[in-house]
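A.B. asks: The structure follows.
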Amino acid sequence: MTQTTEQEEAPELVAAVDLGSNSFHMIVCSVHKGQLKTLDRLREMVRLASGLNKKNILDDDTQQRALACLERFGQRIQNFPENNVRIVGTNTLRTAKNAKQFLHKAEQAIGYPIHIISGIEEARLIYQGVAHSLQSNVNRRLVMDIGGGSTEYIIGTNSDPTEKESLRMGCVTVSNRFFPDGAISSQQFKKAEIFVNQQLNTYKKLFTHNQWDEAIGASGSIRAIRKVLLATEWSHGGITLEGLEKLKKHALNCKNVSELDLPELDPDRLPVFMGGLAILYTTFKTLDIDKMSVSDGALREGLIYDYMGRMFNHDVRSDTAQFLAEHYHTDSQQTDLIKTTIDNILEQVSPFLGAQSRVMHQYLNWAAELHEIGRPIAHSQYHKHGAYIIKHGDLAGFSQQDQNLLSTLVLSHRRKIPVKKIKDLPPPWNHLAIYMVIILRLAVLLQRNRSNSATPEFNITLSKNTVNIQFPENWLDNAPLTQADLKLEETYLEKAKFSLQVS
């Protein structure tokens, strides 16, 4: 979560874990002079999506299967520093109504925080993983990834994705819906085709063949299909529409997936094979794809490269915050004044905050950039509008937990402090965010005049429930507006069980 300065030493080992709706994957890499070398890969077929009932509750048996897998993964990385491990959950954990309860147990099992990412963020990271694993220099590429519960489509140039969509259909969900218990029929395959086409048709113009130069697949389902097509010699060098037609014809001659008898097809893949085939075949037909190559890079590799970007001072989250601030025409000079005041406060109180002060600083800077983005919508409640945009937007680089924390900071920077919302944040923010809120509120308050010359040097100390701020002698007497604002702030903080002492 933290940024690494040029003087800091990069970690020797990093790990990324992808809690997919079909499989859980982990990759462990060494880092040397900014270069990555893969040391270990682990993969287990958990089929998380199969554990969702009609009410989107993740059942106990699936949870136990997932937790057992995470314990095994956790043993491999048990001595890694927390900042060297990134773990994300995808579609099923976005969907499950009891995801919060499961995540608490899951984090205990693996020993590290787990972040839920949006479908659009998943697409961005998949593209990063694919882009870094290819030697191709084509102008524009289409990347497709079939997951257990969602399928991502991305168009990009070099390492920059330009169009991203995540559709709620995956090899597990389509297999369960149209090929229950592995049953195969022409009628059910046709229904699956219609379903996939309906999902994709809205984006047909965006992703059709004249929008890109090369199509690339990235997922277990697509790799499994390529292996079968090459082994049967129904395709050569990749996946072709002709090969998919032959595979579909073979499959429809069977009544159950147990009869497929396809070379190079992992038996673990059988229960979800038909769903993956229906999605890929229909995508070829809908988007007029003739041929698709396959990449080994995917979400977990994208997580590693994204982590490397954060480590070497290119955190895409900072780019996102800057883009949002510019989009909503915030006052950049005011932002700089507030950031300077935040720097001043943090320098004085960091001994109390400890090691987390660096991470807090990063979020506070983003909050300073974004705290006024709601003003174009409505002035009187702009903090609420800004918080809503941040919480519900597709913000590149941010997980749901990141966005929730940042949204809470923006919501809390003025007027009433939403103490319950702060306490509902995941650890450690349920204890630390209140201090971030206080720092942001004071920085905004002290820069209300929007002039650097209006704010004097001041001393501030922070303890468990007390904030003490001291100004130069007689300065407050000549700053009646600030004096009144601080008096009102005393009332707000008192309701949050804090004492603000001003002298």
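Ordering of the structure tokens sets the chain letters (A, B, ...); residue numbers start at 1 within each chain; ligands are numbered from 1 in the order shown.
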Residues of region 297-454 of chain A classed as alpha helix (DSSP H) by DSSP on the backbone are to be reported as a PyMOL selection string.

C.D. replies: chain A and resi 299-311+316-327+332-353+357-370+382-392+400-411+419-423+429-446

A.B. asks: Leaving out Lys339 (chain A) and any residue of its chain fewer than 2 positions from it, which residues lie within 10 Å of it when counting only C-alpha atoms, given as a PyMOL selection string?

C.D. replies: chain A and resi 333-337+341-345+361+364-369+440+443-444

A.B. asks: Taking the DSSP assignment computed from this structure's backbone, write out as a list in words all residues of region 247-382 of chain A that belong to strand (DSSP E or B).

C.D. replies: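 Of region 247-382 of chain A, only Asn256, Lys291, Met292, Ser293 and Val294 of chain A fall in strand (DSSP E or B).
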
A.B. asks: Closest to Glu326 (chain A) among A:Ala131, A:Val85, A:Ile373, A:Leu200, using only C-alpha atoms?

C.D. replies: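 The closest residue to Glu326 (chain A) is A:Ile373.
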
A.B. asks: Check the smallest atom-to-atom distance from each of A:Val502, A:His32, A:Gly374, A:Asn210 to Phe458 (chain A) using only C-alpha atoms, then report the winner.

C.D. replies: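 Selected residue with least distance to Phe458 (chain A): A:Val502.
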
A.B. asks: Find the residues near Glu71 (chain A): any atom within 10 Å, counting only C-alpha atoms, skip ones fewer than 3 places away on the same chain, and give them as a PDB file with N, CA, C and O atoms, in the first residue's frame.

C.D. replies:
```pdb
ATOM      1  N   ALA A  66     -12.317 -23.355   0.629  1.00  0.00           N
ATOM      2  CA  ALA A  66     -11.506 -22.158   0.345  1.00  0.00           C
ATOM      3  C   ALA A  66     -10.532 -21.871   1.481  1.00  0.00           C
ATOM      4  O   ALA A  66      -9.356 -21.545   1.250  1.00  0.00           O
ATOM      5  N   LEU A  67     -10.992 -22.007   2.714  1.00  0.00           N
ATOM      6  CA  LEU A  67     -10.135 -21.719   3.869  1.00  0.00           C
ATOM      7  C   LEU A  67      -8.974 -22.698   3.964  1.00  0.00           C
ATOM      8  O   LEU A  67      -7.851 -22.324   4.307  1.00  0.00           O
ATOM      9  N   ALA A  68      -9.250 -23.958   3.648  1.00  0.00           N
ATOM     10  CA  ALA A  68      -8.181 -24.961   3.668  1.00  0.00           C
ATOM     11  C   ALA A  68      -7.116 -24.616   2.627  1.00  0.00           C
ATOM     12  O   ALA A  68      -5.904 -24.745   2.882  1.00  0.00           O
ATOM     13  N   GLY A  74      -0.975 -19.783   2.781  1.00  0.00           N
ATOM     14  CA  GLY A  74      -0.392 -18.983   3.852  1.00  0.00           C
ATOM     15  C   GLY A  74       0.914 -19.551   4.358  1.00  0.00           C
ATOM     16  O   GLY A  74       1.829 -18.799   4.744  1.00  0.00           O
ATOM     17  N   GLN A  75       1.035 -20.866   4.369  1.00  0.00           N
ATOM     18  CA  GLN A  75       2.287 -21.489   4.831  1.00  0.00           C
ATOM     19  C   GLN A  75       3.447 -21.095   3.914  1.00  0.00           C
ATOM     20  O   GLN A  75       4.566 -20.868   4.378  1.00  0.00           O
ATOM     21  N   ARG A  76       3.167 -20.969   2.608  1.00  0.00           N
ATOM     22  CA  ARG A  76       4.235 -20.638   1.662  1.00  0.00           C
ATOM     23  C   ARG A  76       4.768 -19.215   1.848  1.00  0.00           C
ATOM     24  O   ARG A  76       5.938 -18.929   1.587  1.00  0.00           O
ATOM     25  N   GLN A  78       4.346 -17.296   4.821  1.00  0.00           N
ATOM     26  CA  GLN A  78       4.099 -16.908   6.210  1.00  0.00           C
ATOM     27  C   GLN A  78       5.121 -15.921   6.771  1.00  0.00           C
ATOM     28  O   GLN A  78       4.831 -15.194   7.712  1.00  0.00           O
ATOM     29  N   ALA A 106     -11.038 -15.766   6.179  1.00  0.00           N
ATOM     30  CA  ALA A 106     -10.040 -15.982   5.130  1.00  0.00           C
ATOM     31  C   ALA A 106      -8.729 -15.265   5.450  1.00  0.00           C
ATOM     32  O   ALA A 106      -7.640 -15.801   5.223  1.00  0.00           O
ATOM     33  N   GLU A 107      -8.823 -14.050   5.982  1.00  0.00           N
ATOM     34  CA  GLU A 107      -7.615 -13.302   6.338  1.00  0.00           C
ATOM     35  C   GLU A 107      -6.871 -13.980   7.483  1.00  0.00           C
ATOM     36  O   GLU A 107      -5.633 -13.969   7.518  1.00  0.00           O
ATOM     37  N   GLN A 108      -7.607 -14.582   8.393  1.00  0.00           N
ATOM     38  CA  GLN A 108      -6.962 -15.340   9.468  1.00  0.00           C
ATOM     39  C   GLN A 108      -6.270 -16.581   8.908  1.00  0.00           C
ATOM     40  O   GLN A 108      -5.182 -16.950   9.353  1.00  0.00           O
ATOM     41  N   ALA A 109      -6.896 -17.208   7.905  1.00  0.00           N
ATOM     42  CA  ALA A 109      -6.337 -18.438   7.338  1.00  0.00           C
ATOM     43  C   ALA A 109      -5.032 -18.181   6.593  1.00  0.00           C
ATOM     44  O   ALA A 109      -4.066 -18.934   6.732  1.00  0.00           O
ATOM     45  N   ILE A 110      -4.987 -17.124   5.807  1.00  0.00           N
ATOM     46  CA  ILE A 110      -3.789 -16.873   5.000  1.00  0.00           C
ATOM     47  C   ILE A 110      -2.816 -15.929   5.691  1.00  0.00           C
ATOM     48  O   ILE A 110      -1.631 -15.886   5.365  1.00  0.00           O
ATOM     49  N   GLY A 111      -3.313 -15.155   6.651  1.00  0.00           N
ATOM     50  CA  GLY A 111      -2.417 -14.312   7.442  1.00  0.00           C
ATOM     51  C   GLY A 111      -2.155 -12.929   6.879  1.00  0.00           C
ATOM     52  O   GLY A 111      -1.275 -12.214   7.369  1.00  0.00           O
TER      53      GLY A 111
END
```

A.B. asks: Find the residues near Leu446 (chain A): any atom within 9 Å, counting only C-alpha atoms, skip ones fewer than 6 places away on the same chain, and give them as a PyMOL selection string.

C.D. replies: chain A and resi 338+341+454-455+482+485-486

A.B. asks: I need the chosen residues saved as a PDB file, in the first residue's frame, with C-alpha atoms.

C.D. replies:
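Now in part.pdb:
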```
ATOM      1  CA  ILE A 338      -3.994  21.622   2.495  1.00  0.00           C
ATOM      2  CA  THR A 341      -0.633  21.654   6.286  1.00  0.00           C
ATOM      3  CA  ALA A 454      -3.057  33.453   6.502  1.00  0.00           C
ATOM      4  CA  THR A 455      -1.800  30.432   8.474  1.00  0.00           C
ATOM      5  CA  THR A 482     -10.518  30.672  12.563  1.00  0.00           C
ATOM      6  CA  ASP A 485     -14.280  27.533  13.386  1.00  0.00           C
ATOM      7  CA  LEU A 486     -12.059  25.944  16.023  1.00  0.00           C
TER       8      LEU A 486
END
```

A.B. asks: Give me, as a PyMOL selection string, all polymer residues having an atom no more than 6 Å from Phe24 (chain A), counting only C-alpha atoms and skipping those fewer than 2 positions away in the same chain.

C.D. replies: chain A and resi 18-20+43-44

A.B. asks: Which residues are close to region 348-355 of chain A, i.e. within 8 Å by only C-alpha atoms, leaving aside same-chain residues fewer than 5 positions away? Reply as a list in words.

C.D. replies: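 That gives Asn459, Ile460, Thr461, Leu462 and Ser463 of chain A.
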
A.B. asks: Generate a file of the selected residues that holds N, CA and C atoms, formatted as a JSON list (two decimals), in the first residue's frame.

C.D. replies:
```json
[["chain", "number", "residue", "atom", "x", "y", "z"],
["A", 459, "ASN", "N", 2.05, 24.54, 16.76],
["A", 459, "ASN", "CA", 2.49, 23.29, 17.35],
["A", 459, "ASN", "C", 1.26, 22.43, 17.63],
["A", 460, "ILE", "N", 1.37, 21.13, 17.35],
["A", 460, "ILE", "CA", 0.23, 20.24, 17.57],
["A", 460, "ILE", "C", 0.71, 18.93, 18.14],
["A", 461, "THR", "N", -0.04, 18.40, 19.08],
["A", 461, "THR", "CA", 0.24, 17.08, 19.63],
["A", 461, "THR", "C", -1.06, 16.27, 19.60],
["A", 462, "LEU", "N", -0.90, 14.96, 19.49],
["A", 462, "LEU", "CA", -2.03, 14.06, 19.38],
["A", 462, "LEU", "C", -1.82, 12.92, 20.36],
["A", 463, "SER", "N", -2.85, 12.61, 21.11],
["A", 463, "SER", "CA", -2.82, 11.45, 21.99],
["A", 463, "SER", "C", -4.09, 10.66, 21.77]]
```

A.B. asks: For region 288-301 of chain A, list every protein, DNA or RNA residue within 9 Å, evaluated using only C-alpha atoms, and leave out those in the same chain fewer than 2 positions away; present the list as a tab-separated table (two decimals) with N, CA and C atoms, in the first residue's frame.

C.D. replies:
```tsv
chain	number	residue	atom	x	y	z
A	15	ALA	N	4.62	-11.50	-3.40
A	15	ALA	CA	3.64	-12.54	-3.76
A	15	ALA	C	2.31	-11.89	-4.11
A	16	ALA	N	1.60	-12.51	-5.03
A	16	ALA	CA	0.25	-12.06	-5.39
A	16	ALA	C	-0.68	-13.26	-5.38
A	17	VAL	N	-1.87	-13.06	-4.86
A	17	VAL	CA	-2.86	-14.14	-4.76
A	17	VAL	C	-4.17	-13.66	-5.37
A	18	ASP	N	-4.71	-14.47	-6.26
A	18	ASP	CA	-5.96	-14.19	-6.96
A	18	ASP	C	-7.01	-15.19	-6.49
A	25	HIS	N	-5.19	-18.76	-7.21
A	25	HIS	CA	-3.83	-18.79	-7.75
A	25	HIS	C	-2.91	-17.95	-6.87
A	26	MET	N	-1.67	-18.39	-6.75
A	26	MET	CA	-0.64	-17.60	-6.08
A	26	MET	C	0.64	-17.64	-6.89
A	27	ILE	N	1.31	-16.51	-7.00
A	27	ILE	CA	2.60	-16.42	-7.65
A	27	ILE	C	3.58	-15.75	-6.69
A	86	ARG	N	0.05	-9.09	-1.99
A	86	ARG	CA	-1.22	-8.52	-2.44
A	86	ARG	C	-2.19	-9.65	-2.74
A	87	ILE	N	-3.35	-9.59	-2.13
A	87	ILE	CA	-4.37	-10.62	-2.31
A	87	ILE	C	-5.68	-9.93	-2.71
A	88	VAL	N	-6.29	-10.40	-3.79
A	88	VAL	CA	-7.55	-9.80	-4.23
A	88	VAL	C	-8.61	-10.86	-4.45
A	122	GLU	N	-10.38	-5.39	-12.11
A	122	GLU	CA	-9.90	-6.72	-12.48
A	122	GLU	C	-9.45	-6.73	-13.94
A	123	ALA	N	-10.25	-6.10	-14.81
A	123	ALA	CA	-9.89	-6.03	-16.23
A	123	ALA	C	-8.58	-5.27	-16.43
A	124	ARG	N	-8.40	-4.18	-15.71
A	124	ARG	CA	-7.16	-3.40	-15.84
A	124	ARG	C	-5.94	-4.23	-15.44
A	125	LEU	N	-6.06	-4.95	-14.34
A	125	LEU	CA	-4.94	-5.75	-13.86
A	125	LEU	C	-4.65	-6.93	-14.78
A	126	ILE	N	-5.70	-7.55	-15.32
A	126	ILE	CA	-5.50	-8.64	-16.28
A	126	ILE	C	-4.71	-8.13	-17.48
A	127	TYR	N	-5.10	-6.97	-17.96
A	127	TYR	CA	-4.41	-6.42	-19.13
A	127	TYR	C	-2.93	-6.17	-18.80
A	128	GLN	N	-2.66	-5.65	-17.60
A	128	GLN	CA	-1.26	-5.42	-17.21
A	128	GLN	C	-0.47	-6.73	-17.23
A	129	GLY	N	-1.08	-7.79	-16.69
A	129	GLY	CA	-0.41	-9.08	-16.67
A	129	GLY	C	-0.14	-9.61	-18.06
A	130	VAL	N	-1.11	-9.44	-18.96
A	130	VAL	CA	-0.94	-9.90	-20.34
A	130	VAL	C	0.11	-9.06	-21.07
A	131	ALA	N	-0.01	-7.73	-20.94
A	131	ALA	CA	0.88	-6.83	-21.67
A	131	ALA	C	2.35	-7.07	-21.33
A	132	HIS	N	2.62	-7.36	-20.05
A	132	HIS	CA	4.01	-7.57	-19.63
A	132	HIS	C	4.53	-8.95	-20.02
A	133	SER	N	3.65	-9.86	-20.41
A	133	SER	CA	4.10	-11.21	-20.74
A	133	SER	C	4.27	-11.42	-22.25
A	134	LEU	N	3.97	-10.38	-23.04
A	134	LEU	CA	4.00	-10.52	-24.50
A	134	LEU	C	5.16	-9.78	-25.12
A	145	ASP	N	-10.53	-12.60	-20.87
A	145	ASP	CA	-10.24	-13.49	-19.75
A	145	ASP	C	-11.56	-14.07	-19.23
A	208	THR	N	-15.57	-5.19	-31.42
A	208	THR	CA	-15.56	-5.97	-32.65
A	208	THR	C	-14.21	-5.90	-33.35
A	209	HIS	N	-14.00	-6.79	-34.34
A	209	HIS	CA	-12.67	-7.04	-34.89
A	209	HIS	C	-12.00	-5.81	-35.50
A	210	ASN	N	-12.77	-4.82	-35.98
A	210	ASN	CA	-12.12	-3.65	-36.59
A	210	ASN	C	-11.61	-2.64	-35.57
A	214	GLU	N	-5.04	-7.66	-32.83
A	214	GLU	CA	-4.72	-9.01	-32.38
A	214	GLU	C	-5.59	-9.36	-31.19
A	215	ALA	N	-6.10	-10.60	-31.15
A	215	ALA	CA	-6.91	-11.07	-30.02
A	215	ALA	C	-6.07	-12.03	-29.18
A	216	ILE	N	-6.14	-11.83	-27.86
A	216	ILE	CA	-5.34	-12.63	-26.93
A	216	ILE	C	-6.24	-13.12	-25.80
A	217	GLY	N	-6.15	-14.40	-25.51
A	217	GLY	CA	-6.90	-14.97	-24.40
A	217	GLY	C	-6.02	-15.17	-23.19
A	218	ALA	N	-6.61	-15.04	-22.01
A	218	ALA	CA	-5.84	-15.18	-20.77
A	218	ALA	C	-6.73	-15.75	-19.68
A	219	SER	N	-6.72	-17.05	-19.52
A	219	SER	CA	-7.44	-17.67	-18.41
A	219	SER	C	-7.26	-19.17	-18.51
A	222	ILE	N	-9.47	-20.70	-21.33
A	222	ILE	CA	-8.97	-20.48	-22.69
A	222	ILE	C	-7.71	-21.31	-22.94
A	223	ARG	N	-6.85	-21.39	-21.93
A	223	ARG	CA	-5.65	-22.23	-22.09
A	223	ARG	C	-6.02	-23.70	-22.26
A	226	ARG	N	-7.23	-24.24	-25.79
A	226	ARG	CA	-6.10	-24.23	-26.73
A	226	ARG	C	-5.37	-25.57	-26.70
A	237	GLY	N	-1.29	-23.42	-33.80
A	237	GLY	CA	-0.65	-22.18	-33.35
A	237	GLY	C	-1.48	-21.31	-32.43
A	238	GLY	N	-2.72	-21.63	-32.24
A	238	GLY	CA	-3.58	-20.83	-31.36
A	238	GLY	C	-4.99	-21.36	-31.42
A	239	ILE	N	-5.96	-20.51	-31.15
A	239	ILE	CA	-7.37	-20.89	-31.20
A	239	ILE	C	-7.99	-20.27	-32.44
A	240	THR	N	-8.62	-21.08	-33.26
A	240	THR	CA	-9.28	-20.57	-34.46
A	240	THR	C	-10.77	-20.85	-34.38
A	241	LEU	N	-11.55	-20.07	-35.14
A	241	LEU	CA	-12.99	-20.31	-35.19
A	241	LEU	C	-13.28	-21.69	-35.78
A	242	GLU	N	-12.51	-22.09	-36.78
A	242	GLU	CA	-12.69	-23.41	-37.37
A	242	GLU	C	-12.47	-24.51	-36.33
A	283	THR	N	-18.21	-15.59	-28.20
A	283	THR	CA	-17.41	-14.37	-28.34
A	283	THR	C	-16.77	-14.31	-29.73
A	284	PHE	N	-16.21	-15.42	-30.20
A	284	PHE	CA	-15.64	-15.47	-31.55
A	284	PHE	C	-16.69	-15.07	-32.59
A	285	LYS	N	-17.89	-15.64	-32.45
A	285	LYS	CA	-18.95	-15.38	-33.42
A	285	LYS	C	-19.44	-13.93	-33.33
A	286	THR	N	-19.64	-13.44	-32.11
A	286	THR	CA	-20.22	-12.11	-31.93
A	286	THR	C	-19.25	-11.00	-32.33
A	303	LEU	N	-1.13	-8.05	-10.82
A	303	LEU	CA	-0.98	-7.57	-9.44
A	303	LEU	C	0.48	-7.32	-9.10
A	304	ILE	N	1.35	-8.23	-9.53
A	304	ILE	CA	2.78	-8.07	-9.26
A	304	ILE	C	3.33	-6.82	-9.94
A	305	TYR	N	3.00	-6.64	-11.21
A	305	TYR	CA	3.52	-5.47	-11.94
A	305	TYR	C	2.92	-4.17	-11.41
A	306	ASP	N	1.67	-4.23	-10.98
A	306	ASP	CA	1.06	-3.05	-10.37
A	306	ASP	C	1.76	-2.72	-9.06
```
